[in-house]
Protein chains: 2
Amino acid sequence: MARKSIPVRRSGCPVSAALELLGDRWSLLLIRDMMVRGYRTFREFQHSGEGIASNILTDRLRRLEAHGIVTVEPAAEDGRSIHYRLTEKGIALAPAMLELLIWGAHHEETDAPCAVIEHMEQNRAAVLAETYRRWKERDPEPILPPFQAQAKSKAPKGTRRR
Amino acid sequence: MARKSIPVRRSGCPVSAALELLGDRWSLLLIRDMMVRGYRTFREFQHSGEGIASNILTDRLRRLEAHGIVTVEPAAEDGRSIHYRLTEKGIALAPAMLELLIWGAHHEETDAPCAVIEHMEQNRAAVLAETYRRWKERDPEPILPPFQAQAKSKAPKGTRRR
DNA sequence: TTATTAGGTTGCATTTTGCAAGTTATCTCG
DNA sequence: CGAGATAACTTGCAAAATGCAACCTAATAA
């Protein structure tokens with residue numbers, strides 16, 4: 001399951017390069033969790049609504065770490081826990097994330113309230129500045145709540161207790 | 001290989017919704033080809049540098065069509081050929097694509113010239129307007145050339161003639 | 001009319017994902 | 001202090017997605 005070495009680059013295109021790191025169903029979701037929800041622990045990611053399996057979660061966190069998008073440090077207050085945090089490179093994905101969010105809200109059916117989306121569209125710079133500020137100050141306050149979804153999401157997969 | 005039906009939505013989050021359509025290694029690359037390079041045919045996608053297999057290409061084009069991101073029409077000038085084209089929903093991904101491109105250029109090693117990237121960063125609106133104009137007028141002139149890559153790319157996979 | 005080209009399909013091997021259960025090292029509470 | 005909980009994994013196995021090479025059909029070109 002572990003990622004071996006650096007796979008070959010497919011082309012010199014920046015979009016292609018970005019997709020080699022982020023082009024799967026989970027990576028950007030984890031980045032979203034850290035960026036807009038202030039999540040930091042394995043547990044939080046696991047329960048964040050879409051139901052990622054724990055082995056995949058481990059793999060993705062390692063991979064993001066290997067690519068310098070995430071850093072890992074033991075939690076000060078609990079020796080069992082580990083804090084994952086975006087690096088500068090990771091938080092720099094905020095503009096792309098914001099555009100993706102706006103696109104999704106416009107073109108797919110989601111639980112995002114129109115008013116919220118509209119506000120973000122009209123205040124892109126301010127939203128990004130606030131996102132960056134929270135990252136910098138390690139302020140875990142979510143930019144956005146998890147849009148309803150939480151309520152009707154199924155239990156997370158990949159770890160059932162006996 | 002064919003996509004059966006609409007899979008269940010994982011959550012009400014717009015980012016999640018977007019990633020359900022685009023969260024794989026190829027879809028956004030095809031969209032890039034159509035959006036910034038003006039590619040329209042199966043062949044062009046197949047030779048676009050990253051080496052997608054023909055069965056996967058078929059699958060992804062169908063999938064994008066099923067999600068209303070791409071339309072399909074027979075080419076007027078050649079009965080064998082088919083033109084794939086972004087829909088309004090598809091071209092609306094331009095801002096996200098641009099941000100991803102800028103991020104990739106800054107944070108990964110690519111063949112994109114700094115000057116070009118810098119220009120795009122400082123003229124986002126103009127670049128987007130031009131992208132949209134070309135789409136609307138069906139102007140196939142590429143916004144950006146394929147950044148070197150073409151030269152050293154391997155031959156496409158998945159179709160070898162006897 | 002024969003060869004070539006566009007856009008596929010098919011079969012099979014490899015890789016990646018998903019699922020459930022097990023493991024280890026901390027905590028927390030009585 | 002000892003008996004659970006908890007956090008973060010790991011493991012084994014099955015299922016799905018991907019990659020590869022070859023083959024196919026319709027339309028065009030020489």
# chains A, B, ... in the order shown; residues from 1 in each chain; ligands from 1
>>> interface_residues(of="chain D", to="chain A", cutoff="9 Å", atoms="only C-alpha atoms (C1' of nucleotides)", output="PDB file with N, CA and C atoms (P, O5', C5', C4', C3', O3' and C1' of nucleotides), in the first residue's frame")
ATOM      1  P    DT D   6     -14.436   5.897  23.788  1.00  0.00           P
ATOM      2  O5'  DT D   6     -13.138   6.687  23.303  1.00  0.00           O
ATOM      3  C5'  DT D   6     -11.887   6.322  23.842  1.00  0.00           C
ATOM      4  C4'  DT D   6     -10.792   7.127  23.192  1.00  0.00           C
ATOM      5  C3'  DT D   6     -10.975   7.320  21.694  1.00  0.00           C
ATOM      6  O3'  DT D   6     -10.410   8.575  21.346  1.00  0.00           O
ATOM      7  C1'  DT D   6      -9.092   5.930  22.127  1.00  0.00           C
ATOM      8  P    DA D   7     -10.305   9.063  19.844  1.00  0.00           P
ATOM      9  O5'  DA D   7      -8.757   8.787  19.552  1.00  0.00           O
ATOM     10  C5'  DA D   7      -7.768   9.690  20.036  1.00  0.00           C
ATOM     11  C4'  DA D   7      -6.477   9.441  19.297  1.00  0.00           C
ATOM     12  C3'  DA D   7      -6.636   9.526  17.772  1.00  0.00           C
ATOM     13  O3'  DA D   7      -5.569  10.282  17.206  1.00  0.00           O
ATOM     14  C1'  DA D   7      -5.869   7.361  18.397  1.00  0.00           C
ATOM     15  P    DA D   8      -5.544  10.545  15.647  1.00  0.00           P
ATOM     16  O5'  DA D   8      -4.604   9.343  15.165  1.00  0.00           O
ATOM     17  C5'  DA D   8      -3.277   9.248  15.680  1.00  0.00           C
ATOM     18  C4'  DA D   8      -2.642   7.959  15.203  1.00  0.00           C
ATOM     19  C3'  DA D   8      -2.664   7.784  13.657  1.00  0.00           C
ATOM     20  O3'  DA D   8      -1.418   7.262  13.238  1.00  0.00           O
ATOM     21  C1'  DA D   8      -3.564   5.909  14.692  1.00  0.00           C
ATOM     22  P    DC D   9      -0.789   7.637  11.819  1.00  0.00           P
ATOM     23  O5'  DC D   9      -1.428   6.768  10.673  1.00  0.00           O
ATOM     24  C5'  DC D   9      -2.096   5.522  10.781  1.00  0.00           C
ATOM     25  C4'  DC D   9      -1.262   4.458  11.439  1.00  0.00           C
ATOM     26  C3'  DC D   9      -0.902   3.342  10.503  1.00  0.00           C
ATOM     27  O3'  DC D   9       0.431   2.870  10.653  1.00  0.00           O
ATOM     28  C1'  DC D   9      -2.365   2.543  12.228  1.00  0.00           C
ATOM     29  P    DT D  10       0.953   2.078   9.273  1.00  0.00           P
ATOM     30  O5'  DT D  10       0.541   0.545   9.496  1.00  0.00           O
ATOM     31  C5'  DT D  10       0.936  -0.122  10.664  1.00  0.00           C
ATOM     32  C4'  DT D  10       0.509  -1.587  10.582  1.00  0.00           C
ATOM     33  C3'  DT D  10       0.769  -2.278   9.245  1.00  0.00           C
ATOM     34  O3'  DT D  10       1.348  -3.544   9.550  1.00  0.00           O
ATOM     35  C1'  DT D  10      -1.536  -2.437   9.800  1.00  0.00           C
TER      36       DT D  10
END
>>> interface_residues(of="chain A", to="chain B", cutoff="9 Å", atoms="only C-alpha atoms", output="VMD selection string")
chain A and resid 9 to 20 22 to 26 28 to 29 32 49 to 51 89 92 to 112 146 to 150 152 to 153
>>> interface_residues(of="chain C", to="chain A", cutoff="12 Å", atoms="only C-alpha atoms (C1' of nucleotides)", output="JSON, numbers by chain")
{"C": [15, 16, 17, 18, 19, 20, 21, 22, 24, 25, 26, 27, 28]}
>>> write_last_selection(atoms="C-alpha atoms (C1' of nucleotides)", output="compact mmCIF listing (two decimals), in the first residue's frame")
# COMPACT_ATOMS: atom_id res chain seq x y z
C1' DT C 15 -2.50 -1.97 -9.63
C1' DT C 16 -5.40 0.45 -6.70
C1' DT C 17 -9.32 0.59 -3.74
C1' DG C 18 -12.45 -0.86 -0.30
C1' DC C 19 -13.74 -3.48 3.71
C1' DA C 20 -13.37 -5.64 8.14
C1' DA C 21 -10.69 -7.04 11.61
C1' DG C 22 -6.43 -6.92 14.39
C1' DT C 24 0.09 -1.01 19.71
C1' DA C 25 0.75 2.86 22.46
C1' DT C 26 -1.36 6.22 25.04
C1' DC C 27 -4.96 8.20 28.07
C1' DT C 28 -8.95 8.26 31.58
>>> select_by_dssp(residues="segment 20-120 of chain A", states="helix (DSSP H, G or I)", output="ChimeraX atom specification")
/A:20-22,27-36,42-46,54-66,88-91,94-107,114-120
>>> atom_distance(atom1="atom C1' of DA27 of chain D", atom2="atom CA of Thr87 of chain B")
27.3 Å
